[in-house]
Every structure is written in C-alpha cells, then in structure tokens.
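**Q** Mind having a look at this structure? Questions to follow.
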Amino acid sequence: MDDVSTTAETAPEVAGDGIVSASAIPADELARLTDDIVSALKTVYDPEIPADIYELGLVYKIDIEDDRSVKIDMTLTAPGCPVAGEMPGWVENAVGAVEGVSGVEVAMVFDPPWTPDRMSEEAQVAVGWY
C-alpha cells in the first residue's frame with residue numbers, strides 16, 4: 001500500500017541519485033529490509049477477514065532504526081476485535097523472523113480509526129467489495 005510510512009531514526013538526507021537516506025543502514029540493505037518486512041506483514045491475517053493486515057491497511061507506520069530494530073504502529077478493524085491481544089504477537093513473530101531484524105516493537109494505535117477505504121484493491125477483492 002502506498003500510504004504506509006516507513007521511516008528511519010535520523011533526519012533524512014537526499015543523495016545525489018535522489019534517494020532519501022535517513023539511516024546508517026546502506027540504502028540497498030534498507031530497501032531489502034523494508035521489502036522483507038512488508039512480505040512478513042503480508043503473512044499475518046485477521047482470522048475473520050480473508051486478507052492480510054498489510055493489504056487491509058491496518059499497518060500505519062514502519063520505523064527501521066539504525067540498530068535494525070523495527071517499530072510498527074498498527075490498528076485493528078475494530079477496537080473490540082477478538083484477536084486484539086494476540087495480533088501484536090503474530091506481527092512481532094513474523095517481522096522478527098526477517099533476516100537482519102534485531103527486534104520488533106508493535107504499538108496498537110486507534111487514531112486515526114481504521115476505515116474500509118484504507119484497504120487495497122487486493123483486499124477489496126478478497127472480501128468481495130470490488
């Protein structure tokens with residue numbers, strides 16, 4: 001999804017090739033980590049909805065720190081979701097298995113509240129809304 005922000009811990013610097021580098025991690029390694037983290041997030045599903053949490057738009061922010069720890073802000077489709085207590089652990093396990101990740105911290109946030117318009121076309125098709 002295009003609206004997930006991925007940031008690093010230091011102020012961004014624009015390299016001569018136009019790539020924004022805000023990390024002590026080399027740009028190609030940061031790109032690989034980002035892709036692998038997104039792939040890992042796509043393995044986590046809300047058991048009540050046939051789409052992964054990334055395509056559902058439940059992941060609001062992914063921060064990859066210089067020490068390769070990952071901080072994720074995510075939400076749920078509803079605050080009373082029956083897996084609210086379990087899903088952060090699922091996300092930690094999935095992202096923690098990515099090569100090069102030193103640790104994972106998942107924060108549940110409810111501002112802004114999740115709405116179906118955050119879903120990708122792929123998720124809309126999976127739930128029959130497209």
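Starting from 1 in every chain, residues are counted up; chains themselves are A, B, ... following the order of the structure tokens, and ligands are numbered from 1 as listed.
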What are the DSSP alpha helix (DSSP H) residues of chain A, as a PyMOL selection string?
**A** chain A and resi 27-41+87-96+121-126
**Q** Please indicate the distance in Å from atom CA of A:Ile64 to atom CA of A:Tyr45, rounded to one decimal place.
**A**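 Pair atom CA of A:Ile64 / atom CA of A:Tyr45 returns 22.2 Å.
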**Q** So which one's closest to A:Tyr54, A:Trp114, A:Ala24, A:Asp66, A:Leu41? Using only C-alpha atoms, please.
**A**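 Residue with the minimum atom-to-atom distance to A:Tyr54: A:Leu41.
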**Q** With distances taken over only C-alpha atoms, which of A:Ala94, A:Ile25, A:Val104, A:Leu58 is nearest to A:Lys71?
**A**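 Going through A:Ala94, A:Ile25, A:Val104, A:Leu58 one by one, the smallest distance to A:Lys71 is for A:Val104.
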**Q** Measuring atom to atom with only C-alpha atoms, identify which of A:Val125, A:Val106, A:Ile53, A:Ala84 is nearest to A:Val38.
**A**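 Checking each of A:Val125, A:Val106, A:Ile53, A:Ala84 against A:Val38, counting only C-alpha atoms, the winner is A:Ile53.
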**Q** Counting only C-alpha atoms, what is within 9 Å of A:Phe110, bar same-chain residues fewer than 3 positions away, as a list in words?
**A**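 So, after excluding close chain neighbours, the residues are Met74, Thr75, Leu76, Ala78, Pro79, Pro113 and Trp114 of chain A.
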**Q** Name the residues in contact with A:Pro50 at a cut-off of 9 Å, using only C-alpha atoms, excluding same-chain residues fewer than 2 positions from it; report them as a ChimeraX atom specification.
**A** /A:45-48,52,123,126-127
**Q** Would you return as a ChimeraX atom specification the members of chain A that DSSP assigns to strand (DSSP E) on this structure's backbone?
**A** /A:5-7,13-14,20-21,59-64,69-74,103-108
